[in-house]
Structure formats: structure tokens, C-alpha cells
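Shown next: my_file-v1.tsv, given as TSV, C-alpha atoms.
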chain	number	residue	atom	x	y	z
N	1	MET	CA	-8.46	-349.02	-104.91
N	2	ASP	CA	-6.76	-346.84	-102.32
N	3	THR	CA	-5.82	-344.12	-104.79
N	4	THR	CA	-7.39	-340.70	-104.58
N	5	LEU	CA	-6.80	-339.77	-108.24
N	6	PRO	CA	-8.97	-341.22	-109.56
N	7	GLN	CA	-10.96	-341.99	-106.47
N	8	TRP	CA	-12.58	-345.35	-107.11
N	9	ILE	CA	-14.53	-345.48	-103.91
N	10	GLY	CA	-15.85	-342.51	-101.97
N	11	LYS	CA	-15.21	-342.53	-98.26
N	12	SER	CA	-18.57	-341.41	-97.06
N	13	THR	CA	-21.73	-343.29	-96.15
N	14	ASP	CA	-23.19	-343.03	-99.64
N	15	THR	CA	-25.05	-346.23	-100.54
N	16	SER	CA	-23.32	-346.65	-103.91
N	17	ASP	CA	-19.87	-346.34	-102.29
N	18	THR	CA	-20.78	-348.84	-99.62
N	19	MET	CA	-22.11	-351.22	-102.27
N	20	ILE	CA	-18.97	-350.94	-104.42
N	21	PHE	CA	-16.76	-351.52	-101.38
N	22	HIS	CA	-18.58	-354.70	-100.47
N	23	LEU	CA	-18.61	-356.02	-104.03
N	24	VAL	CA	-14.87	-355.42	-104.34
N	25	ARG	CA	-14.29	-356.99	-100.96
N	26	ALA	CA	-16.33	-360.05	-101.87
N	27	TYR	CA	-14.56	-360.53	-105.22
N	28	HIS	CA	-11.16	-360.35	-103.56
N	29	LEU	CA	-12.22	-363.11	-101.24
N	30	ALA	CA	-13.26	-365.46	-104.04
N	31	GLY	CA	-11.15	-368.62	-103.66
N	32	ARG	CA	-9.60	-367.23	-100.48
N	33	CYS	CA	-12.45	-367.08	-97.96
N	34	VAL	CA	-12.69	-370.37	-96.04
N	35	ALA	CA	-16.13	-369.46	-94.66
N	36	CYS	CA	-14.98	-369.52	-91.04
N	37	GLY	CA	-17.63	-366.94	-90.16
N	38	ALA	CA	-15.31	-364.73	-88.08
N	39	CYS	CA	-16.52	-361.61	-89.88
N	40	GLU	CA	-20.12	-362.32	-89.02
N	41	ARG	CA	-19.27	-363.03	-85.41
N	42	ALA	CA	-17.39	-359.74	-85.21
N	43	CYS	CA	-20.14	-357.69	-86.81
N	44	PRO	CA	-21.88	-355.81	-84.01
N	45	VAL	CA	-25.10	-355.26	-85.91
N	46	GLY	CA	-25.64	-358.73	-87.33
N	47	VAL	CA	-25.06	-358.04	-91.03
N	48	ASP	CA	-25.11	-361.19	-93.19
N	49	ILE	CA	-21.61	-360.43	-94.48
N	50	ARG	CA	-21.17	-363.85	-96.06
N	51	LYS	CA	-24.18	-363.56	-98.35
N	52	LEU	CA	-22.02	-362.64	-101.37
N	53	ASN	CA	-19.18	-364.90	-100.28
N	54	ARG	CA	-21.38	-367.98	-100.30
N	55	LYS	CA	-22.23	-367.41	-103.96
N	56	LEU	CA	-18.54	-366.89	-104.80
N	57	LEU	CA	-17.59	-370.02	-102.88
N	58	LYS	CA	-20.06	-371.98	-104.99
N	59	ASP	CA	-18.84	-370.42	-108.28
N	60	VAL	CA	-15.17	-371.05	-107.52
N	61	ARG	CA	-15.99	-374.66	-106.75
N	62	ASP	CA	-18.12	-375.09	-109.88
N	63	PHE	CA	-15.75	-373.33	-112.31
N	64	PHE	CA	-12.35	-374.22	-110.88
N	65	GLY	CA	-13.08	-377.27	-108.73
N	66	TYR	CA	-11.44	-375.49	-105.82
N	67	GLU	CA	-12.37	-375.08	-102.19
N	68	ALA	CA	-10.29	-372.69	-100.11
N	69	GLY	CA	-8.70	-373.95	-96.93
N	70	LEU	CA	-8.42	-377.64	-97.86
N	71	SER	CA	-4.80	-377.61	-98.97
N	72	LEU	CA	-1.83	-375.52	-97.89
N	73	ASP	CA	0.15	-376.33	-101.06
N	74	GLU	CA	-2.41	-375.49	-103.69
N	75	ALA	CA	-2.38	-371.89	-104.92
N	76	CYS	CA	-5.74	-370.18	-104.97
N	77	PRO	CA	-7.37	-370.06	-108.42
N	78	LEU	CA	-7.47	-366.29	-108.78
N	79	ALA	CA	-3.73	-366.06	-108.16
N	80	THR	CA	-2.73	-368.67	-110.72
N	81	PHE	CA	-3.03	-369.29	-114.44
N	82	ARG	CA	-3.39	-372.59	-116.25
N	83	PRO	CA	-3.57	-372.91	-120.02
N	84	ASP	CA	-6.75	-374.96	-119.72
N	85	ASP	CA	-8.55	-372.44	-117.50
N	86	PRO	CA	-12.09	-371.86	-118.74
N	87	GLU	CA	-12.21	-368.70	-120.78
N	88	ALA	CA	-15.58	-368.83	-122.48
N	89	PHE	CA	-16.61	-365.77	-120.48
N	90	ILE	CA	-13.89	-363.62	-122.07
N	91	MET	CA	-15.52	-361.53	-124.74
N	92	ASN	CA	-13.85	-360.26	-127.89
N	93	PRO	CA	-13.45	-356.51	-127.88
T	1	MET	CA	-24.20	-333.08	-53.84
T	2	PHE	CA	-27.95	-333.55	-54.04
T	3	SER	CA	-28.79	-329.94	-53.36
T	4	SER	CA	-30.50	-329.66	-56.72
T	5	ALA	CA	-31.78	-333.22	-56.98
T	6	ARG	CA	-35.27	-333.81	-58.33
T	7	ILE	CA	-37.67	-336.70	-58.71
T	8	VAL	CA	-39.73	-337.75	-61.72
T	9	ARG	CA	-42.39	-340.35	-61.13
T	10	LYS	CA	-42.37	-342.96	-63.90
T	11	ASP	CA	-45.95	-342.31	-64.93
T	12	ARG	CA	-45.01	-338.70	-65.59
T	13	LEU	CA	-41.94	-339.38	-67.71
T	14	GLU	CA	-43.88	-339.90	-70.93
T	15	GLY	CA	-45.48	-336.46	-70.61
T	16	PHE	CA	-42.07	-334.89	-70.01
T	17	LEU	CA	-40.66	-336.55	-73.15
T	18	GLU	CA	-43.66	-335.45	-75.19
T	19	ARG	CA	-43.08	-331.86	-74.14
T	20	LEU	CA	-39.37	-332.25	-75.02
T	21	LEU	CA	-40.38	-333.43	-78.50
T	22	GLU	CA	-42.48	-330.33	-79.14
T	23	ASP	CA	-39.55	-328.10	-80.01
T	24	ARG	CA	-36.46	-330.29	-79.83
T	25	GLU	CA	-34.93	-333.23	-81.63
T	26	VAL	CA	-34.89	-336.12	-79.18
T	27	PHE	CA	-32.55	-339.08	-79.56
T	28	ALA	CA	-33.33	-342.08	-77.37
T	29	PRO	CA	-32.76	-345.84	-77.22
T	30	VAL	CA	-35.20	-347.74	-79.44
T	31	ARG	CA	-35.45	-351.31	-80.63
T	32	LYS	CA	-34.58	-351.56	-84.30
T	33	GLY	CA	-33.88	-354.71	-86.30
T	34	GLY	CA	-33.30	-356.78	-83.17
T	35	LEU	CA	-30.83	-354.26	-81.76
T	36	VAL	CA	-31.08	-351.37	-79.34
T	37	THR	CA	-29.84	-348.23	-81.06
T	38	LEU	CA	-29.96	-344.54	-80.35
T	39	GLU	CA	-32.36	-342.97	-82.84
T	40	MET	CA	-34.16	-339.72	-83.34
T	41	ILE	CA	-37.68	-340.47	-82.16
T	42	ASP	CA	-41.08	-339.35	-83.43
T	43	SER	CA	-43.04	-340.96	-80.65
T	44	VAL	CA	-42.18	-341.44	-76.99
T	45	ARG	CA	-43.80	-344.89	-77.17
T	46	ASP	CA	-40.76	-346.17	-79.09
T	47	VAL	CA	-38.37	-345.33	-76.26
T	48	ILE	CA	-37.05	-348.22	-74.22
T	49	LEU	CA	-35.23	-347.64	-70.97
T	50	GLU	CA	-34.79	-351.28	-69.91
T	51	TYR	CA	-31.70	-352.00	-71.94
T	52	GLU	CA	-27.99	-352.66	-71.45
T	53	ASN	CA	-26.13	-350.49	-73.93
T	54	THR	CA	-26.96	-349.08	-77.33
T	55	LYS	CA	-24.94	-350.61	-80.16
T	56	GLU	CA	-23.51	-347.28	-81.23
T	57	SER	CA	-22.30	-344.46	-79.07
T	58	PRO	CA	-24.05	-341.08	-79.33
T	59	LYS	CA	-20.95	-339.38	-80.77
T	60	ALA	CA	-22.52	-339.07	-84.23
T	61	ALA	CA	-24.92	-336.47	-82.80
T	62	VAL	CA	-21.99	-334.06	-82.41
T	63	PHE	CA	-19.47	-335.67	-84.76
T	64	PRO	CA	-21.36	-337.22	-87.69
T	65	GLN	CA	-19.81	-340.04	-89.70
T	66	ARG	CA	-20.12	-337.82	-92.78
T	67	GLU	CA	-20.30	-334.07	-92.43
T	68	THR	CA	-20.29	-331.38	-95.10
T	69	LEU	CA	-17.83	-328.66	-94.19
T	70	PHE	CA	-18.71	-326.55	-97.20
T	71	GLY	CA	-19.97	-326.83	-100.72
T	72	TYR	CA	-18.22	-325.17	-103.64
T	73	GLN	CA	-18.95	-324.21	-107.17
T	74	ALA	CA	-16.24	-323.03	-109.56
T	75	GLU	CA	-17.40	-321.04	-112.51
T	76	LYS	CA	-15.61	-318.61	-114.81
T	77	GLY	CA	-12.57	-318.31	-112.60
T	78	LYS	CA	-14.59	-317.68	-109.46
T	79	VAL	CA	-15.39	-320.01	-106.62
T	80	ALA	CA	-18.61	-319.70	-104.66
T	81	LEU	CA	-18.62	-321.29	-101.22
T	82	ASP	CA	-21.65	-322.52	-99.41
T	83	VAL	CA	-21.15	-323.10	-95.70
T	84	PRO	CA	-23.96	-325.15	-94.17
T	85	ARG	CA	-26.16	-323.51	-91.60
T	86	GLY	CA	-26.13	-324.99	-88.14
T	87	LYS	CA	-28.85	-326.88	-86.36
T	88	GLU	CA	-32.07	-325.01	-85.89
T	89	LYS	CA	-33.30	-326.98	-82.91
T	90	GLU	CA	-31.70	-328.12	-79.72
T	91	GLN	CA	-31.05	-331.85	-79.59
T	92	VAL	CA	-31.58	-334.01	-76.54
T	93	LEU	CA	-29.71	-337.26	-75.97
T	94	PHE	CA	-32.13	-339.00	-73.65
T	95	GLY	CA	-31.42	-342.23	-71.78
T	96	ILE	CA	-27.82	-342.63	-72.90
T	97	ARG	CA	-25.46	-344.43	-70.54
T	98	PRO	CA	-22.98	-342.71	-68.20
T	99	CYS	CA	-20.04	-344.13	-70.20
T	100	ASP	CA	-21.37	-342.50	-73.36
T	101	ALA	CA	-22.02	-339.22	-71.55
T	102	ARG	CA	-18.46	-339.24	-70.24
T	103	GLY	CA	-17.24	-340.03	-73.74
T	104	LEU	CA	-18.63	-336.70	-74.89
T	105	LEU	CA	-16.49	-334.92	-72.27
T	106	LEU	CA	-13.43	-336.60	-73.73
T	107	LEU	CA	-14.45	-335.59	-77.25
T	108	ASP	CA	-14.74	-332.01	-75.91
T	109	ARG	CA	-11.04	-332.14	-75.10
T	110	VAL	CA	-10.27	-332.94	-78.72
T	111	PHE	CA	-12.71	-330.68	-80.55
T	112	GLY	CA	-13.13	-328.00	-77.91
T	113	GLY	CA	-10.62	-325.71	-76.24
T	114	ASP	CA	-8.68	-322.85	-77.78
T	115	CYS	CA	-8.54	-324.26	-81.28
T	116	GLY	CA	-12.15	-325.36	-81.10
T	117	ASP	CA	-13.81	-327.00	-84.06
T	118	PRO	CA	-16.75	-324.76	-85.06
T	119	TYR	CA	-18.80	-327.61	-86.55
T	120	TYR	CA	-18.50	-329.64	-83.37
T	121	ALA	CA	-18.92	-326.67	-81.04
T	122	GLU	CA	-22.11	-325.55	-82.73
T	123	LYS	CA	-23.75	-328.95	-82.32
T	124	ARG	CA	-22.36	-329.51	-78.85
T	125	ALA	CA	-23.72	-326.20	-77.58
T	126	LYS	CA	-27.18	-327.22	-78.77
T	127	THR	CA	-26.98	-330.68	-77.19
T	128	LEU	CA	-28.56	-331.62	-73.87
T	129	VAL	CA	-27.32	-334.83	-72.29
T	130	LEU	CA	-29.97	-336.58	-70.21
T	131	SER	CA	-28.31	-339.82	-69.21
T	132	LEU	CA	-29.63	-342.86	-67.40
T	133	GLY	CA	-27.58	-344.69	-64.77
T	134	CYS	CA	-26.92	-348.42	-65.10
T	135	VAL	CA	-28.41	-350.53	-62.34
T	136	ASN	CA	-27.61	-353.81	-64.14
T	137	PRO	CA	-24.26	-353.25	-65.84
T	138	ASN	CA	-23.05	-355.94	-68.25
T	139	PRO	CA	-20.48	-358.40	-66.90
T	140	THR	CA	-18.17	-357.05	-69.61
T	141	CYS	CA	-18.53	-353.42	-68.51
T	142	PHE	CA	-15.51	-351.68	-67.01
T	143	CYS	CA	-16.42	-347.98	-66.73
T	144	HIS	CA	-15.42	-347.82	-63.06
T	145	SER	CA	-11.91	-349.04	-63.96
T	146	MET	CA	-11.55	-346.13	-66.39
T	147	GLY	CA	-12.47	-343.35	-63.98
T	148	GLY	CA	-16.21	-343.39	-64.64
T	149	GLY	CA	-19.00	-345.27	-62.93
T	150	PRO	CA	-22.32	-347.01	-63.66
T	151	CYS	CA	-24.19	-344.30	-61.78
T	152	SER	CA	-21.85	-341.40	-62.45
T	153	PRO	CA	-23.51	-338.11	-63.43
T	154	GLU	CA	-20.26	-336.90	-65.02
T	155	GLY	CA	-20.88	-335.40	-68.43
T	156	SER	CA	-24.65	-335.27	-68.01
T	157	ASP	CA	-26.79	-332.16	-67.90
T	158	LEU	CA	-29.43	-334.25	-66.16
T	159	PHE	CA	-28.69	-337.66	-64.74
T	160	PHE	CA	-31.57	-340.10	-64.20
T	161	LEU	CA	-31.37	-343.08	-61.85
T	162	ASP	CA	-34.09	-345.73	-61.72
T	163	LEU	CA	-35.49	-346.08	-58.18
T	164	GLY	CA	-38.30	-348.49	-59.08
T	165	ASP	CA	-41.43	-346.35	-59.39
T	166	ARG	CA	-39.56	-343.08	-59.96
T	167	TYR	CA	-36.34	-341.60	-61.24
T	168	MET	CA	-33.90	-339.65	-59.18
T	169	VAL	CA	-32.70	-336.71	-61.28
T	170	GLU	CA	-29.41	-335.00	-60.58
T	171	VAL	CA	-28.66	-331.67	-62.19
T	172	GLY	CA	-25.18	-331.62	-63.68
T	173	SER	CA	-25.17	-328.25	-65.43
T	174	ASP	CA	-27.18	-325.08	-65.82
T	175	LYS	CA	-28.10	-325.95	-69.43
T	176	CYS	CA	-31.32	-327.57	-68.28
T	177	GLU	CA	-32.85	-324.76	-66.22
T	178	ALA	CA	-35.75	-324.42	-68.63
T	179	LEU	CA	-36.38	-328.18	-68.62
T	180	LEU	CA	-36.49	-328.34	-64.84
T	181	GLU	CA	-39.48	-326.04	-64.83
T	182	ASP	CA	-41.45	-328.87	-66.40
T	183	GLU	CA	-44.34	-330.07	-64.25
T	184	ALA	CA	-42.94	-333.63	-64.15
T	185	PHE	CA	-40.17	-332.64	-61.72
T	186	GLU	CA	-40.65	-332.63	-57.98
T	187	ASP	CA	-38.16	-331.89	-55.24
T	188	ALA	CA	-36.33	-334.97	-54.03
T	189	ASP	CA	-37.27	-336.32	-50.62
T	190	GLU	CA	-34.86	-337.78	-48.07
T	191	LYS	CA	-36.04	-341.32	-48.70
T	192	SER	CA	-35.30	-341.11	-52.44
T	193	LEU	CA	-31.91	-339.55	-51.79
T	194	ALA	CA	-30.97	-342.37	-49.45
T	195	LEU	CA	-32.26	-345.02	-51.86
T	196	SER	CA	-30.35	-343.60	-54.80
T	197	GLU	CA	-27.15	-343.54	-52.77
T	198	LYS	CA	-27.72	-347.16	-51.78
T	199	ILE	CA	-28.30	-348.21	-55.42
T	200	ARG	CA	-25.24	-346.30	-56.57
T	201	LYS	CA	-23.00	-348.01	-54.00
T	202	GLU	CA	-24.43	-351.47	-54.58
T	203	THR	CA	-24.14	-351.22	-58.36
T	204	GLU	CA	-20.54	-350.06	-58.20
T	205	ALA	CA	-19.69	-352.82	-55.75
T	206	SER	CA	-21.27	-355.43	-58.05
T	207	MET	CA	-18.80	-354.71	-60.85
T	208	THR	CA	-15.51	-356.59	-61.13
T	209	PRO	CA	-12.60	-354.18	-61.53
T	210	LEU	CA	-10.15	-354.70	-64.38
T	211	ALA	CA	-6.77	-355.93	-63.17
T	212	LEU	CA	-4.95	-352.84	-64.41
T	213	ASN	CA	-1.47	-351.87	-63.34
T	214	GLU	CA	-1.33	-348.68	-61.28
T	215	ASN	CA	1.31	-347.11	-63.50
T	216	LEU	CA	-0.37	-348.29	-66.63
T	217	LYS	CA	1.22	-345.84	-69.04
T	218	GLU	CA	4.77	-346.74	-67.97
T	219	HIS	CA	3.88	-350.38	-67.80
T	220	LEU	CA	2.52	-350.41	-71.35
T	221	GLY	CA	5.70	-348.72	-72.51
T	222	ARG	CA	7.78	-351.53	-71.05
T	223	LEU	CA	5.51	-354.10	-72.67
T	224	PHE	CA	5.89	-352.57	-76.12
T	225	ASP	CA	7.61	-355.61	-77.63
T	226	ASP	CA	5.92	-358.19	-75.45
T	227	PRO	CA	4.97	-361.33	-77.42
T	228	ALA	CA	1.55	-361.30	-75.72
T	229	TRP	CA	0.44	-358.73	-78.29
T	230	ASN	CA	0.79	-361.36	-81.02
T	231	ALA	CA	-1.72	-363.65	-79.34
T	232	LEU	CA	-4.08	-360.78	-78.51
T	233	ALA	CA	-3.98	-359.44	-82.06
T	234	GLU	CA	-4.73	-362.84	-83.57
T	235	THR	CA	-8.40	-362.45	-82.76
T	236	CYS	CA	-8.57	-359.03	-84.44
T	237	LEU	CA	-9.84	-358.95	-88.02
T	238	GLY	CA	-8.75	-355.34	-88.53
T	239	CYS	CA	-12.21	-354.24	-89.61
T	240	GLY	CA	-12.07	-351.04	-87.55
T	241	ILE	CA	-15.65	-351.28	-86.29
T	242	CYS	CA	-14.42	-350.88	-82.69
T	243	THR	CA	-13.34	-347.35	-83.53
T	244	TYR	CA	-16.72	-346.60	-85.10
T	245	LEU	CA	-18.62	-347.78	-82.03
T	246	CYS	CA	-16.25	-346.26	-79.48
T	247	PRO	CA	-17.62	-343.14	-77.78
T	248	THR	CA	-14.16	-341.52	-77.68
T	249	CYS	CA	-12.58	-342.41	-81.05
T	250	HIS	CA	-12.47	-339.23	-83.05
T	251	CYS	CA	-10.03	-339.57	-85.95
T	252	PHE	CA	-11.29	-338.22	-89.24
T	253	ASP	CA	-10.31	-337.71	-92.83
T	254	LEU	CA	-11.06	-334.76	-95.08
T	255	CYS	CA	-11.92	-335.35	-98.69
T	256	ASP	CA	-13.80	-333.89	-101.61
T	257	GLU	CA	-16.82	-335.30	-103.31
T	258	ALA	CA	-16.88	-333.44	-106.55
T	259	ALA	CA	-17.86	-333.66	-110.19
T	260	GLY	CA	-16.23	-331.04	-112.35
T	261	GLY	CA	-15.93	-327.83	-110.40
T	262	THR	CA	-18.90	-328.49	-108.17
T	263	GLY	CA	-18.71	-330.47	-105.01
T	264	GLU	CA	-18.41	-330.67	-101.29
T	265	ARG	CA	-15.53	-330.80	-98.88
T	266	ILE	CA	-16.52	-333.42	-96.36
T	267	ARG	CA	-15.25	-334.83	-93.11
T	268	VAL	CA	-15.64	-338.57	-92.58
T	269	TRP	CA	-14.70	-340.91	-89.77
T	270	ASP	CA	-11.31	-342.51	-90.19
T	271	SER	CA	-9.79	-345.34	-88.19
T	272	CYS	CA	-6.31	-346.21	-86.94
T	273	GLN	CA	-7.22	-349.82	-87.76
T	274	PHE	CA	-6.99	-349.17	-91.50
T	275	PRO	CA	-3.57	-349.62	-93.15
T	276	LEU	CA	-3.85	-346.29	-95.00
T	277	PHE	CA	-4.15	-344.42	-91.71
T	278	THR	CA	-0.40	-344.60	-91.11
T	279	GLN	CA	0.79	-345.12	-94.68
T	280	GLN	CA	3.44	-342.52	-95.46
T	281	ALA	CA	4.18	-340.88	-98.80
T	282	SER	CA	7.52	-342.70	-98.99
T	283	GLY	CA	5.67	-346.02	-98.96
T	284	PHE	CA	6.79	-346.81	-95.41
T	285	ASN	CA	4.10	-347.83	-92.95
T	286	PRO	CA	5.03	-347.84	-89.25
T	287	ARG	CA	2.02	-350.02	-88.50
T	288	PRO	CA	2.11	-352.48	-91.39
T	289	THR	CA	0.01	-355.34	-89.99
T	290	VAL	CA	-3.05	-355.87	-87.84
T	291	LYS	CA	-0.77	-356.61	-84.90
T	292	GLU	CA	0.79	-353.12	-84.82
T	293	ARG	CA	-2.56	-351.47	-85.40
T	294	PHE	CA	-4.26	-353.49	-82.66
T	295	HIS	CA	-1.38	-352.79	-80.31
T	296	GLY	CA	-1.42	-349.09	-81.12
T	297	ALA	CA	-5.13	-348.66	-80.54
T	298	SER	CA	-5.40	-350.73	-77.36
T	299	SER	CA	-2.43	-349.18	-75.65
T	300	ASN	CA	-3.42	-345.66	-76.71
T	301	VAL	CA	-6.96	-346.03	-75.50
T	302	LEU	CA	-5.89	-347.57	-72.21
T	303	SER	CA	-2.96	-345.34	-71.41
T	304	THR	CA	-4.30	-342.06	-72.75
T	305	TRP	CA	-7.86	-342.03	-71.52
T	306	ILE	CA	-7.11	-343.60	-68.18
T	307	SER	CA	-4.50	-340.93	-67.46
T	308	VAL	CA	-6.85	-338.14	-68.53
T	309	LYS	CA	-9.11	-337.14	-65.73
T	310	SER	CA	-11.93	-335.40	-67.51

File written out as C-alpha cells:
Amino acid sequence: MDTTLPQWIGKSTDTSDTMIFHLVRAYHLAGRCVACGACERACPVGVDIRKLNRKLLKDVRDFFGYEAGLSLDEACPLATFRPDDPEAFIMNP
Amino acid sequence: MFSSARIVRKDRLEGFLERLLEDREVFAPVRKGGLVTLEMIDSVRDVILEYENTKESPKAAVFPQRETLFGYQAEKGKVALDVPRGKEKEQVLFGIRPCDARGLLLLDRVFGGDCGDPYYAEKRAKTLVLSLGCVNPNPTCFCHSMGGGPCSPEGSDLFFLDLGDRYMVEVGSDKCEALLEDEAFEDADEKSLALSEKIRKETEASMTPLALNENLKEHLGRLFDDPAWNALAETCLGCGICTYLCPTCHCFDLCDEAAGGTGERIRVWDSCQFPLFTQQASGFNPRPTVKERFHGASSNVLSTWISVKS
């Protein structure tokens, strides 16, 4: 994402760039964010930063039966592979 | 020091602002989405002057978060450049706080001088700073420990201080000569002068100074590897918003927004809190984690700005 060629995300205040950044950020936090709320407390203008994260939290729990932060030993679902992982969403090319 | 001091009665301020709005862009504190922010106003009725601090500093008025340096169009082996025209109107930053006004002086040191930045200089020359002193500074405020003060006129073209039913107005530069001819201004009387001095002293005395070491720069050097930085940095999320809100942070990046041969070279705010800021081409990063970045920013801000007497 940090490459400049190609540049995936523009650096300016363009709405589409801001949107892409936040979507990417949210997806990377799926199965990792423990919903501590520190980001919202730090935000000086009161943005509901966890809006997307809450949905991802719910999906990770529903699809993988996993809640981040409950176990130190368990690897997070998006960093592991199991043969019986659900794959119905993978489409044939 | 009050040789050119004036008075504006509060019931005459609205008229003054309305006349400012006639041929200038006026930025002032307004309430927006539950926050107080500095916005360009259409109506003087939106302006609020009973506030603590605006969320953002006014630096974007002279150093926008995204600024087009030039547009370009490549066609048939030729490149046409399009350099944006400057501001048509003067802009007035009304009611900003003394800390923010002083911040602009520090930005002048970066973008001004011999190798002045033309984009900054053009906007700065057309900017009038009409600041408002703090009579109720936040308990977290520390301007007076950094060389400023809650009622300091430093960096202001006009400095307003609330005296109850009127404002004391100090003239800090000759940029406002035309404004001072406005009918709202009266000569300051002895009573107002004495009252403003009393308020200034009392407000300064009400603030708790930061327990800073006298030789801070040296001291911070000795503390470079102090484990205390670990604990301090633990609370930092590395989001970089502090550098966006700071009135003196000024680091930027240059990049192109282009499709094919047509595009713009732009300047955008950058932040020392982002890992890419110090990432080197070799792959080495001297500030690899939040701890180093937090340490770098806090000690730079403290030791550099406090040793710079603007």
C-alpha cells in the first residue's frame, strides 16, 4: 500500500482516497482489533472510527468463531489457514 | 506599549466584522458538529468568542493540507504548465488564540526568510491576524512555559482582550492601518489600560508552569535512552493527528496526482509519526517503532521551539 508505483492511495484529502484508506485500515484490523476504543478516545473530532470495525468483529465471530483478545496463544484467523476454513465465498475465475 | 491601543465596545464588534466581510475572507471560531473550529464565515452571527481553543490550528490558511503547486499537461512532446493564481482577497483570522498567532511566527521561520516559499509568502502577506487573548485558559494549557502567554500580542496584527463590556485592542503591526480607521475603534482610556494590565497579570499568574528543566535541550540529550520514553510512548497510537493539529508542525510531502500526461504536482501535509517519514531507500528506518517516533517528535518540539525565541 505504501508504494508510489503504482500509487494505490493518493495522499491528499480527496474523499475517495480517504475512503479507501479507512476501508483498508478496517480490513487489516479484522480479527485483530480488540475494540478497546483507544482510537476513538484519541480522535480529536469525535469520528466514530469503530463503525466499520464493529461489523468486522461480528463477521469474524460469525464466520470463524473467533474473538480477538481472548487468547494469547491462538493465532488470528486472517493470519492462519485451516483446511476446513469456509471457502464458499471464493468464486471460480 | 499601549501608545497605539484602542477600544472596541462589544455592541460595535458585529458592525466591524460585517465591514470586514465586505471585501475580505474572514475566518473565525464557529460551532460545528459539537466542536469549535475555525471556519470561513458568511455571517457574523455564527462567530463565537466564548470558547477555549479551536480544534485545529489556523495554519491551513497559509499552509493548506493539500495545495496545488502547478498543473501540467503533456502533449506531443511539449509540456504546458499551469501555475495557480494567488488569493484575490485578503484573509482575516479573527478571534484565534495567542498560541496559534505565535505559531504562525514560527512557521514564518520555516517558510519565510531568504529561501522563502512563494506559495506560503503569497498567502501570508494577504493574511491579517486578529487574535483574542485567553482570560480562562485551559488547565492543560502551557503557552507561558513555551515563551508565549495567554494575553500575549506576539504574532498578532491586532490583539483583542476581553474587558467585560469592551475589548482592548493592541496594534501589533502596521498591516491594519486601514482597519483601524473603522468607526468601531476608539482611543483607549486610562481605566481600560489599567484593567487590561490587571487581567493580563492575573491570567498569567493563574496558569501552572510546566516543570521544565532550564537547560532543556542538553537535558533531553542526556535522556535520549531513558526508559521513561517507553512508558510515555505506550499511550501513543501513532496516528499522527497531533502533528495535523499542531500550529507549528510543517512537514510536507510532494507528489503527483496524474492520469496519463495530465495532472497536478501537489504538496500535502506529512507527519514524522508515520513510519514512511524516515524510511530510507536501503530499507533501514532509524525510527522503526512508535516509541522512536514519539520520542523524536516530543523532544524536537520541546527543545527546538523552546530554544527559538521568535

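Residue nearest chain T, chosen from N:Pro44, N:Pro6, N:Gly31, N:Pro77 and counting only C-alpha atoms: N:Pro44.
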
Chain T contacts on chain N, all atoms listed in the file, 8 Å, as a list in words: Asp2, Gly10, Lys11, Ser12, Thr13, Ala38, Cys39, Cys43, Pro44 and Val45 of chain N

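Checking T:Phe63, T:Leu17, T:Ile7, T:Thr248 one by one against Leu106 in chain T, counting only C-alpha atoms, you find the shortest gap at T:Thr248.
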
message: Report as a ChimeraX atom specification all protein, DNA and RNA residues lying within 8 Å of Phe274 in chain T, evaluated on all atoms listed in the file, omitting residues in the same chain fewer than 2 positions from it.
response: /T:238-240,271-272,276-277,293

task: Please determine the residues with any atom at most 12 Å from (-14.9, -369.7, -93.5) (coordinates as given in the file, with all atoms listed in the file counting) and report them as JSON, numbers by chain.
output: {"N": [29, 30, 31, 32, 33, 34, 35, 36, 37, 38, 39, 40, 41, 49, 50, 53, 54, 57, 67, 68, 69, 70]}

Those residues you just picked out, can you put them in a file as a PDB file, in the coordinates of the input with C-alpha atoms?
ATOM      1  CA  LEU N  29     -12.220-363.110-101.240  1.00  0.00           C
ATOM      2  CA  ALA N  30     -13.260-365.460-104.040  1.00  0.00           C
ATOM      3  CA  GLY N  31     -11.150-368.620-103.660  1.00  0.00           C
ATOM      4  CA  ARG N  32      -9.600-367.230-100.480  1.00  0.00           C
ATOM      5  CA  CYS N  33     -12.450-367.080 -97.960  1.00  0.00           C
ATOM      6  CA  VAL N  34     -12.690-370.370 -96.040  1.00  0.00           C
ATOM      7  CA  ALA N  35     -16.130-369.460 -94.660  1.00  0.00           C
ATOM      8  CA  CYS N  36     -14.980-369.520 -91.040  1.00  0.00           C
ATOM      9  CA  GLY N  37     -17.630-366.940 -90.160  1.00  0.00           C
ATOM     10  CA  ALA N  38     -15.310-364.730 -88.080  1.00  0.00           C
ATOM     11  CA  CYS N  39     -16.520-361.610 -89.880  1.00  0.00           C
ATOM     12  CA  GLU N  40     -20.120-362.320 -89.020  1.00  0.00           C
ATOM     13  CA  ARG N  41     -19.270-363.030 -85.410  1.00  0.00           C
ATOM     14  CA  ILE N  49     -21.610-360.430 -94.480  1.00  0.00           C
ATOM     15  CA  ARG N  50     -21.170-363.850 -96.060  1.00  0.00           C
ATOM     16  CA  ASN N  53     -19.180-364.900-100.280  1.00  0.00           C
ATOM     17  CA  ARG N  54     -21.380-367.980-100.300  1.00  0.00           C
ATOM     18  CA  LEU N  57     -17.590-370.020-102.880  1.00  0.00           C
ATOM     19  CA  GLU N  67     -12.370-375.080-102.190  1.00  0.00           C
ATOM     20  CA  ALA N  68     -10.290-372.690-100.110  1.00  0.00           C
ATOM     21  CA  GLY N  69      -8.700-373.950 -96.930  1.00  0.00           C
ATOM     22  CA  LEU N  70      -8.420-377.640 -97.860  1.00  0.00           C
TER      23      LEU N  70
END

Put the listed atoms of range 131-145 of chain T in a box along x, y and z with 3 Å added on every side and give me the centre and edge lengths in Å to one decimal, as JSON.
{"center_x": -20.8, "center_y": -349.1, "center_z": -66.0, "size_x": 23.7, "size_y": 24.6, "size_z": 13.3}

message: I want to know what sits within 9 Å of Glu25 in chain T, based on only C-alpha atoms, with residues of the same chain fewer than 5 positions away left out; could you give that as a PyMOL selection string?
response: chain T and resi 20+40-42+89-93

statement: Taken to one decimal, the CA of Ile9 in chain N-CA of Leu38 in chain T distance is 28.2 Å

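Pairwise distance (CA of Glu170 in chain T, CA of Leu158 in chain T) equals 5.6 Å.
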
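Between CA of Arg6 in chain T and CA of Glu154 in chain T there is a distance of 16.7 Å.
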
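Around the point (-18.0, -356.8, -67.0), within 10 Å and counting all atoms listed in the file, we find these residues: Pro137, Asn138, Pro139, Thr140, Cys141, Phe142, Cys143, Ser206, Met207, Thr208, Pro209 and Leu210 of chain T.
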
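Near Arg287 in chain T, within 9 Å and counting all atoms listed in the file, sit T:Pro275, T:Phe277, T:Thr278, T:Gln279, T:Lys291, T:Glu292, T:Arg293, T:Gly296; same-chain residues fewer than 4 positions away were not included.
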